[in-house]
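Below: model-v6.cif (mmCIF, C-alpha atoms, pLDDT in the B column; chains and numbers go by the auth columns)
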```
data_final
#
loop_
_atom_site.group_PDB
_atom_site.id
_atom_site.type_symbol
_atom_site.label_atom_id
_atom_site.label_comp_id
_atom_site.label_asym_id
_atom_site.label_seq_id
_atom_site.Cartn_x
_atom_site.Cartn_y
_atom_site.Cartn_z
_atom_site.B_iso_or_equiv
_atom_site.auth_seq_id
_atom_site.auth_asym_id
ATOM 1 C CA MET A 1 50.792 133.039 146.599 53.00 13 A
ATOM 2 C CA SER A 2 47.178 134.107 146.022 47.00 14 A
ATOM 3 C CA LEU A 3 45.461 133.924 142.632 45.00 15 A
ATOM 4 C CA SER A 4 45.610 137.724 142.313 54.00 16 A
ATOM 5 C CA GLY A 5 49.348 137.543 143.114 57.00 17 A
ATOM 6 C CA LYS A 6 49.863 134.974 140.336 69.00 18 A
ATOM 7 C CA ASN A 7 47.953 137.169 137.906 82.00 19 A
ATOM 8 C CA LYS A 8 50.008 140.197 138.898 85.00 20 A
ATOM 9 C CA THR A 9 53.347 138.394 138.459 88.00 21 A
ATOM 10 C CA THR A 10 52.307 137.188 135.008 89.00 22 A
ATOM 11 C CA GLU A 11 51.080 140.671 134.067 90.00 23 A
ATOM 12 C CA LEU A 12 54.295 142.377 135.236 90.00 24 A
ATOM 13 C CA LEU A 13 56.528 139.957 133.328 93.00 25 A
ATOM 14 C CA LYS A 14 54.404 140.180 130.184 92.00 26 A
ATOM 15 C CA LYS A 15 54.418 143.993 130.283 91.00 27 A
ATOM 16 C CA ALA A 16 58.236 143.943 130.582 91.00 28 A
ATOM 17 C CA SER A 17 58.516 141.412 127.711 93.00 29 A
ATOM 18 C CA LEU A 18 60.151 138.852 129.999 94.00 30 A
ATOM 19 C CA ARG A 19 59.612 135.107 129.851 93.00 31 A
ATOM 20 C CA ARG A 20 57.557 133.735 132.719 93.00 32 A
ATOM 21 C CA THR A 21 60.148 131.393 134.219 93.00 33 A
ATOM 22 C CA GLN A 22 59.590 129.650 137.540 93.00 34 A
ATOM 23 C CA PRO A 23 62.350 131.593 139.362 94.00 35 A
ATOM 24 C CA ARG A 24 60.990 134.959 138.148 94.00 36 A
ATOM 25 C CA LEU A 25 57.439 134.032 139.120 93.00 37 A
ATOM 26 C CA ALA A 26 58.602 132.834 142.534 93.00 38 A
ATOM 27 C CA VAL A 27 60.724 135.901 143.375 94.00 39 A
ATOM 28 C CA LEU A 28 58.045 138.302 142.156 94.00 40 A
ATOM 29 C CA GLY A 29 55.424 136.385 144.127 92.00 41 A
ATOM 30 C CA VAL A 30 57.377 136.889 147.345 93.00 42 A
ATOM 31 C CA LEU A 31 57.830 140.608 146.642 93.00 43 A
ATOM 32 C CA ILE A 32 54.120 141.031 145.852 91.00 44 A
ATOM 33 C CA ASP A 33 53.105 139.280 149.074 90.00 45 A
ATOM 34 C CA THR A 34 55.284 141.457 151.327 87.00 46 A
ATOM 35 C CA ASP A 35 54.553 144.974 152.480 81.00 47 A
ATOM 36 C CA ALA A 36 58.113 146.039 153.282 83.00 48 A
ATOM 37 C CA PRO A 37 61.512 145.851 151.567 87.00 49 A
ATOM 38 C CA ILE A 38 63.223 142.484 152.054 90.00 50 A
ATOM 39 C CA THR A 39 66.679 141.032 151.561 92.00 51 A
ATOM 40 C CA HIS A 40 67.910 138.417 149.107 93.00 52 A
ATOM 41 C CA GLN A 41 68.132 135.964 152.025 93.00 53 A
ATOM 42 C CA GLN A 42 64.556 136.709 153.142 93.00 54 A
ATOM 43 C CA ILE A 43 63.353 135.979 149.599 95.00 55 A
ATOM 44 C CA ALA A 44 65.205 132.646 149.640 94.00 56 A
ATOM 45 C CA ASP A 45 63.823 131.825 153.107 94.00 57 A
ATOM 46 C CA SER A 46 60.265 132.607 151.973 93.00 58 A
ATOM 47 C CA LEU A 47 60.586 130.178 149.093 92.00 59 A
ATOM 48 C CA ALA A 48 61.953 127.484 151.443 86.00 60 A
ATOM 49 C CA ASP A 49 62.619 124.139 149.731 81.00 61 A
ATOM 50 C CA SER A 50 61.321 125.364 146.371 82.00 62 A
ATOM 51 C CA ALA A 51 63.841 128.229 146.283 82.00 63 A
ATOM 52 C CA PRO A 52 66.177 128.444 143.317 88.00 64 A
ATOM 53 C CA ASP A 53 69.852 128.750 144.244 91.00 65 A
ATOM 54 C CA LYS A 54 71.076 132.108 145.560 91.00 66 A
ATOM 55 C CA VAL A 55 72.827 133.032 142.312 94.00 67 A
ATOM 56 C CA THR A 56 69.603 132.523 140.367 95.00 68 A
ATOM 57 C CA ILE A 57 67.674 134.716 142.832 95.00 69 A
ATOM 58 C CA TYR A 58 70.344 137.404 142.465 95.00 70 A
ATOM 59 C CA ARG A 59 70.168 137.212 138.647 96.00 71 A
ATOM 60 C CA VAL A 60 66.364 137.409 138.744 96.00 72 A
ATOM 61 C CA LEU A 61 66.546 140.502 140.967 96.00 73 A
ATOM 62 C CA GLU A 62 69.113 142.113 138.625 95.00 74 A
ATOM 63 C CA CYS A 63 66.913 141.397 135.602 95.00 75 A
ATOM 64 C CA LEU A 64 63.789 142.757 137.311 95.00 76 A
ATOM 65 C CA MET A 65 65.691 145.886 138.383 91.00 77 A
ATOM 66 C CA LYS A 66 66.883 146.519 134.803 92.00 78 A
ATOM 67 C CA LYS A 67 63.261 146.343 133.636 92.00 79 A
ATOM 68 C CA GLY A 68 62.085 148.715 136.380 87.00 80 A
ATOM 69 C CA ILE A 69 59.819 146.169 138.097 91.00 81 A
ATOM 70 C CA VAL A 70 61.919 145.904 141.263 90.00 82 A
ATOM 71 C CA HIS A 71 64.348 148.324 142.817 85.00 83 A
ATOM 72 C CA LYS A 72 66.944 148.313 145.545 84.00 84 A
ATOM 73 C CA ALA A 73 65.116 150.300 148.211 80.00 85 A
ATOM 74 C CA PHE A 74 68.148 150.879 150.407 77.00 86 A
ATOM 75 C CA MET A 75 71.288 149.351 151.876 77.00 87 A
ATOM 76 C CA LYS A 76 71.663 148.648 155.587 78.00 88 A
ATOM 77 C CA GLU A 77 74.913 147.277 156.974 80.00 89 A
ATOM 78 C CA ARG A 78 76.071 146.195 153.489 84.00 90 A
ATOM 79 C CA THR A 79 72.810 144.299 152.868 86.00 91 A
ATOM 80 C CA ALA A 80 70.499 145.323 150.029 86.00 92 A
ATOM 81 C CA PHE A 81 66.732 145.482 150.538 85.00 93 A
ATOM 82 C CA PHE A 82 64.435 144.997 147.535 89.00 94 A
ATOM 83 C CA GLU A 83 60.817 145.844 146.772 86.00 95 A
ATOM 84 C CA LEU A 84 58.472 146.333 143.846 87.00 96 A
ATOM 85 C CA ALA A 85 59.086 149.664 142.133 82.00 97 A
ATOM 86 C CA HIS A 86 55.433 150.496 141.427 75.00 98 A
ATOM 87 C CA ASN A 87 55.121 152.919 144.380 66.00 99 A
ATOM 88 C CA CYS A 88 58.037 155.064 143.235 69.00 100 A
ATOM 89 C CA SER A 89 58.591 157.492 140.394 63.00 101 A
ATOM 90 C CA LYS A 90 61.641 157.684 138.161 68.00 102 A
ATOM 91 C CA THR A 91 63.027 160.538 140.246 66.00 103 A
ATOM 92 C CA GLN A 92 61.886 159.639 143.749 69.00 104 A
ATOM 93 C CA CYS A 93 61.381 156.562 145.899 74.00 105 A
ATOM 94 C CA HIS A 94 58.802 156.681 148.684 76.00 106 A
ATOM 95 C CA PRO A 95 60.376 157.174 152.128 81.00 107 A
ATOM 96 C CA HIS A 96 61.185 154.222 154.390 81.00 108 A
ATOM 97 C CA PHE A 97 60.898 154.380 158.194 87.00 109 A
ATOM 98 C CA THR A 98 63.096 152.183 160.394 86.00 110 A
ATOM 99 C CA CYS A 99 62.282 151.840 164.083 90.00 111 A
ATOM 100 C CA THR A 100 65.436 152.355 166.123 91.00 112 A
ATOM 101 C CA SER A 101 64.053 150.067 168.840 94.00 113 A
ATOM 102 C CA CYS A 102 62.608 146.983 167.092 91.00 114 A
ATOM 103 C CA ARG A 103 64.518 147.551 163.773 84.00 115 A
ATOM 104 C CA LYS A 104 61.364 146.975 161.678 85.00 116 A
ATOM 105 C CA THR A 105 61.335 148.927 158.385 83.00 117 A
ATOM 106 C CA LEU A 106 58.070 150.205 156.954 82.00 118 A
ATOM 107 C CA CYS A 107 57.182 151.787 153.615 79.00 119 A
ATOM 108 C CA MET A 108 55.717 155.251 153.952 81.00 120 A
ATOM 109 C CA LYS A 109 53.888 155.165 150.597 76.00 121 A
ATOM 110 C CA ASN A 110 51.613 158.100 151.384 81.00 122 A
ATOM 111 C CA ALA A 111 54.367 160.422 152.643 79.00 123 A
ATOM 112 C CA LYS A 112 55.153 163.237 150.233 78.00 124 A
ATOM 113 C CA MET A 113 58.665 164.644 150.159 79.00 125 A
ATOM 114 C CA PRO A 114 59.829 167.561 148.019 82.00 126 A
ATOM 115 C CA LEU A 115 62.746 166.882 145.720 80.00 127 A
ATOM 116 C CA ALA A 116 65.989 168.248 147.092 83.00 128 A
ATOM 117 C CA GLU A 117 67.455 171.283 145.412 81.00 129 A
ATOM 118 C CA ILE A 118 71.203 171.723 145.059 83.00 130 A
ATOM 119 C CA ASN A 119 72.399 175.225 144.338 76.00 131 A
ATOM 120 C CA GLU A 120 75.957 174.080 143.775 80.00 132 A
ATOM 121 C CA GLN A 121 77.182 174.251 140.205 81.00 133 A
ATOM 122 C CA GLY A 122 77.556 171.016 138.265 84.00 134 A
ATOM 123 C CA PHE A 123 75.289 168.696 140.288 85.00 135 A
ATOM 124 C CA THR A 124 72.261 166.979 138.764 83.00 136 A
ATOM 125 C CA ILE A 125 69.921 164.909 140.938 81.00 137 A
ATOM 126 C CA LYS A 126 68.774 161.782 139.098 80.00 138 A
ATOM 127 C CA HIS A 127 66.981 159.960 141.929 75.00 139 A
ATOM 128 C CA GLN A 128 66.140 160.728 145.543 77.00 140 A
ATOM 129 C CA LYS A 129 65.727 158.257 148.407 78.00 141 A
ATOM 130 C CA VAL A 130 64.709 159.219 151.935 81.00 142 A
ATOM 131 C CA GLU A 131 65.286 157.024 154.967 83.00 143 A
ATOM 132 C CA LEU A 132 63.606 158.020 158.235 86.00 144 A
ATOM 133 C CA GLU A 133 64.442 156.686 161.694 88.00 145 A
ATOM 134 C CA GLY A 134 62.617 156.902 164.995 92.00 146 A
ATOM 135 C CA LEU A 135 60.129 154.896 167.064 95.00 147 A
ATOM 136 C CA CYS A 136 57.226 152.997 165.506 92.00 148 A
ATOM 137 C CA PRO A 137 53.775 153.264 167.153 93.00 149 A
ATOM 138 C CA GLU A 138 54.248 149.940 169.015 93.00 150 A
ATOM 139 C CA CYS A 139 57.630 150.921 170.505 94.00 151 A
ATOM 140 C CA ASN A 140 56.447 154.457 171.156 89.00 152 A
ATOM 141 C CA ALA A 141 53.591 153.259 173.400 86.00 153 A
#
```
Represent the supplied structure as C-alpha coordinates.
Amino acid sequence: MSLSGKNKTTELLKKASLRRTQPRLAVLGVLIDTDAPITHQQIADSLADSAPDKVTIYRVLECLMKKGIVHKAFMKERTAFFELAHNCSKTQCHPHFTCTSCRKTLCMKNAKMPLAEINEQGFTIKHQKVELEGLCPECNA
(Lines of atoms letter the chains of each structure in order from A and count residues from 1; the text may use other names and numbers.)
(Lines give C-alpha, C1' and ligand atoms only; values in the text may rest on other atoms or scores of the structure.)
Protein backbone atom coordinates (compact mmCIF):
# COMPACT_ATOMS: atom_id res chain seq x y z
CA MET A 1 0.00 0.00 0.00
CA SER A 2 1.32 3.46 -0.88
CA LEU A 3 1.99 6.17 1.71
CA SER A 4 -1.08 8.11 0.52
CA GLY A 5 -3.12 4.89 0.89
CA LYS A 6 -1.90 4.48 4.49
CA ASN A 7 -2.80 8.09 5.24
CA LYS A 8 -6.24 7.64 3.72
CA THR A 9 -6.99 4.47 5.72
CA THR A 10 -5.96 6.19 8.95
CA GLU A 11 -8.03 9.26 8.07
CA LEU A 12 -11.15 7.21 7.23
CA LEU A 13 -10.97 5.21 10.46
CA LYS A 14 -10.32 8.31 12.56
CA LYS A 15 -13.25 10.17 10.97
CA ALA A 16 -15.53 7.19 11.75
CA SER A 17 -14.21 7.01 15.35
CA LEU A 18 -12.89 3.49 14.79
CA ARG A 19 -9.69 2.08 16.26
CA ARG A 20 -6.91 1.61 13.73
CA THR A 21 -6.48 -2.15 14.03
CA GLN A 22 -4.26 -4.11 11.66
CA PRO A 23 -7.18 -6.00 10.03
CA ARG A 24 -9.12 -2.76 9.40
CA LEU A 25 -6.06 -1.04 7.96
CA ALA A 26 -5.31 -4.04 5.75
CA VAL A 27 -8.86 -4.45 4.36
CA LEU A 28 -9.24 -0.72 3.77
CA GLY A 29 -5.83 -0.63 2.09
CA VAL A 30 -6.92 -3.27 -0.41
CA LEU A 31 -10.17 -1.43 -1.15
CA ILE A 32 -8.33 1.88 -1.61
CA ASP A 33 -5.84 0.30 -4.02
CA THR A 34 -8.51 -1.23 -6.28
CA ASP A 35 -10.58 0.55 -8.88
CA ALA A 36 -13.48 -1.91 -9.05
CA PRO A 37 -15.71 -3.74 -6.56
CA ILE A 38 -14.10 -6.91 -5.20
CA THR A 39 -15.19 -9.97 -3.26
CA HIS A 40 -14.33 -11.08 0.26
CA GLN A 41 -12.12 -13.79 -1.27
CA GLN A 42 -10.30 -11.28 -3.51
CA ILE A 43 -9.56 -9.16 -0.43
CA ALA A 44 -8.13 -12.22 1.35
CA ASP A 45 -6.10 -13.17 -1.74
CA SER A 46 -4.68 -9.64 -2.01
CA LEU A 47 -3.46 -9.79 1.57
CA ALA A 48 -1.86 -13.21 0.94
CA ASP A 49 0.03 -14.61 3.94
CA SER A 50 -0.64 -11.52 6.06
CA ALA A 51 -4.42 -11.91 5.68
CA PRO A 52 -6.50 -12.19 8.83
CA ASP A 53 -8.86 -15.16 8.88
CA LYS A 54 -11.99 -14.98 6.72
CA VAL A 55 -14.30 -14.35 9.68
CA THR A 56 -12.22 -11.34 10.72
CA ILE A 57 -12.33 -9.93 7.17
CA TYR A 58 -16.11 -10.39 7.15
CA ARG A 59 -16.45 -8.64 10.53
CA VAL A 60 -14.24 -5.77 9.35
CA LEU A 61 -16.38 -5.36 6.22
CA GLU A 62 -19.58 -5.39 8.33
CA CYS A 63 -18.14 -2.76 10.67
CA LEU A 64 -16.99 -0.54 7.80
CA MET A 65 -20.40 -0.86 6.13
CA LYS A 66 -22.19 0.19 9.34
CA LYS A 67 -20.00 3.30 9.47
CA GLY A 68 -20.67 4.12 5.80
CA ILE A 69 -17.03 3.74 4.69
CA VAL A 70 -17.63 0.63 2.58
CA HIS A 71 -20.75 -0.65 0.91
CA LYS A 72 -21.91 -3.80 -0.79
CA ALA A 73 -21.89 -2.66 -4.41
CA PHE A 74 -23.87 -5.60 -5.75
CA MET A 75 -24.40 -9.35 -5.59
CA LYS A 76 -23.50 -11.65 -8.47
CA GLU A 77 -24.24 -15.37 -8.28
CA ARG A 78 -24.67 -15.19 -4.48
CA THR A 79 -21.29 -13.45 -4.06
CA ALA A 80 -21.10 -9.95 -2.59
CA PHE A 81 -18.81 -7.32 -4.11
CA PHE A 82 -17.49 -4.51 -1.90
CA GLU A 83 -16.03 -1.07 -2.53
CA LEU A 84 -15.42 2.23 -0.78
CA ALA A 85 -18.63 4.22 -0.43
CA HIS A 86 -17.13 7.65 -1.12
CA ASN A 87 -18.33 7.76 -4.76
CA CYS A 88 -21.97 7.20 -3.82
CA SER A 89 -24.63 9.29 -2.13
CA LYS A 90 -27.01 8.14 0.57
CA THR A 91 -29.74 7.60 -2.02
CA GLN A 92 -27.79 6.41 -5.05
CA CYS A 93 -24.77 4.28 -5.85
CA HIS A 94 -22.82 4.98 -9.04
CA PRO A 95 -23.63 2.52 -11.84
CA HIS A 96 -21.50 -0.58 -12.44
CA PHE A 97 -20.85 -2.01 -15.92
CA THR A 98 -20.17 -5.72 -16.39
CA CYS A 99 -18.82 -6.96 -19.72
CA THR A 100 -20.84 -9.95 -20.87
CA SER A 101 -17.79 -11.30 -22.72
CA CYS A 102 -14.80 -10.99 -20.35
CA ARG A 103 -16.95 -10.62 -17.15
CA LYS A 104 -14.88 -7.63 -15.92
CA THR A 105 -16.89 -5.15 -13.81
CA LEU A 106 -16.08 -1.45 -13.94
CA CYS A 107 -17.28 1.51 -11.87
CA MET A 108 -18.98 4.17 -13.93
CA LYS A 109 -18.32 6.99 -11.44
CA ASN A 110 -19.04 9.79 -13.90
CA ALA A 111 -22.33 8.35 -15.19
CA LYS A 112 -25.37 10.26 -13.97
CA MET A 113 -28.64 8.41 -13.52
CA PRO A 114 -31.94 9.98 -12.48
CA LEU A 115 -33.58 8.52 -9.41
CA ALA A 116 -36.42 6.19 -10.29
CA GLU A 117 -39.93 7.38 -9.62
CA ILE A 118 -42.64 4.99 -8.48
CA ASN A 119 -46.19 6.19 -8.91
CA GLU A 120 -47.60 3.24 -7.01
CA GLN A 121 -49.06 4.03 -3.62
CA GLY A 122 -47.10 3.01 -0.53
CA PHE A 123 -43.60 2.61 -2.00
CA THR A 124 -40.64 4.68 -0.79
CA ILE A 125 -37.26 4.39 -2.51
CA LYS A 126 -34.43 4.50 0.04
CA HIS A 127 -31.47 3.63 -2.21
CA GLN A 128 -30.97 3.01 -5.91
CA LYS A 129 -28.36 0.78 -7.56
CA VAL A 130 -27.92 0.43 -11.31
CA GLU A 131 -26.10 -2.47 -12.95
CA LEU A 132 -25.32 -2.20 -16.67
CA GLU A 133 -24.26 -5.05 -18.96
CA GLY A 134 -22.78 -5.08 -22.43
CA LEU A 135 -19.37 -5.18 -24.12
CA CYS A 136 -16.36 -3.28 -22.78
CA PRO A 137 -14.17 -1.35 -25.26
CA GLU A 138 -11.61 -4.20 -25.45
CA CYS A 139 -14.22 -6.88 -26.24
CA ASN A 140 -16.10 -4.53 -28.53
CA ALA A 141 -13.06 -4.03 -30.79
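Minimum atom-to-atom distance to A:Ile50, evaluated using all atoms listed in the file, belongs to A:Ala92 out of A:Ala92, A:Leu30, A:Ala63, A:Leu76.
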I would like the residues chosen by the PyMOL selection byres ((chain A and resi 119-132) around 7) on the shown file; could you give them as a ChimeraX atom specification?
-> /A:48,99,106-109,117-118,133-135
Neighbours of A:Ser58 within 8 Å (all atoms listed in the file; same-chain residues fewer than 3 positions away dropped), as a PDB file with C-alpha atoms, in the coordinates of the input?
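Contents of the output file around_16.pdb:
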```
ATOM      1  CA  VAL A  42      57.377 136.889 147.345  1.00 93.00           C
ATOM      2  CA  GLN A  54      64.556 136.709 153.142  1.00 93.00           C
ATOM      3  CA  ILE A  55      63.353 135.979 149.599  1.00 95.00           C
TER       4      ILE A  55
END
```
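Minimum atom-to-atom distance to A:Arg32, evaluated using all atoms listed in the file, belongs to A:Val72 out of A:Val67, A:Pro49, A:Thr110, A:Val72.
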For A:Glu89, the nearest of the candidates A:Thr51, A:Thr136, A:Leu73, A:Pro64, counting all atoms listed in the file = A:Thr51
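Under the PyMOL selection byres ((chain A and resi 114) around 12), the matching residues in the shown file are Phe109, Thr110, Cys111, Thr112, Ser113, Arg115, Lys116, Thr117, Leu118, Glu145, Gly146, Leu147, Cys148, Pro149, Glu150, Cys151 and Asn152 of chain A.
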Shell around A:Thr33 at 10 Å using only C-alpha atoms, local window under 5 positions removed, as a PyMOL selection string | chain A and resi 22+25+38+72
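Take atom CA of A:Pro35 and atom CA of A:Thr21: the distance between them is 11.3 Å.
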note - atom CA of A:Ser29 and atom CA of A:Gly41 are separated by 17.4 Å
Atom pair atom CA of A:Leu144 + atom CA of A:His83, distance 18.2 Å
Result set, the PyMOL selection byres ((chain A and resi 24) around 12) on current file, as a ChimeraX atom specification | /A:17-23,25-32,36-37,40-41,44,76,79-82,96-98
Contacts of A:Lys84 at 7 Å or less, counting only C-alpha atoms, minus same-chain residues fewer than 4 places along, as a PDB file with C-alpha atoms, in the coordinates of the input?
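Ended up saving to around_29.pdb:
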```pdb
ATOM      1  CA  ALA A  92      70.499 145.323 150.029  1.00 86.00           C
ATOM      2  CA  PHE A  93      66.732 145.482 150.538  1.00 85.00           C
ATOM      3  CA  PHE A  94      64.435 144.997 147.535  1.00 89.00           C
ATOM      4  CA  GLU A  95      60.817 145.844 146.772  1.00 86.00           C
TER       5      GLU A  95
END
```
Nearest candidate to A:Gln34 (options A:Ile137, A:Val142, A:Cys105, A:Leu59; using all atoms listed in the file) = A:Leu59
Quick one: axis-aligned box around all listed atoms of stretch 82-86 of chain A, 4 Å on every side, centre and edge lengths in Å to one decimal, written as JSON.
```
{"center_x": 65.0, "center_y": 148.4, "center_z": 145.8, "size_x": 14.2, "size_y": 13.0, "size_z": 17.1}
```
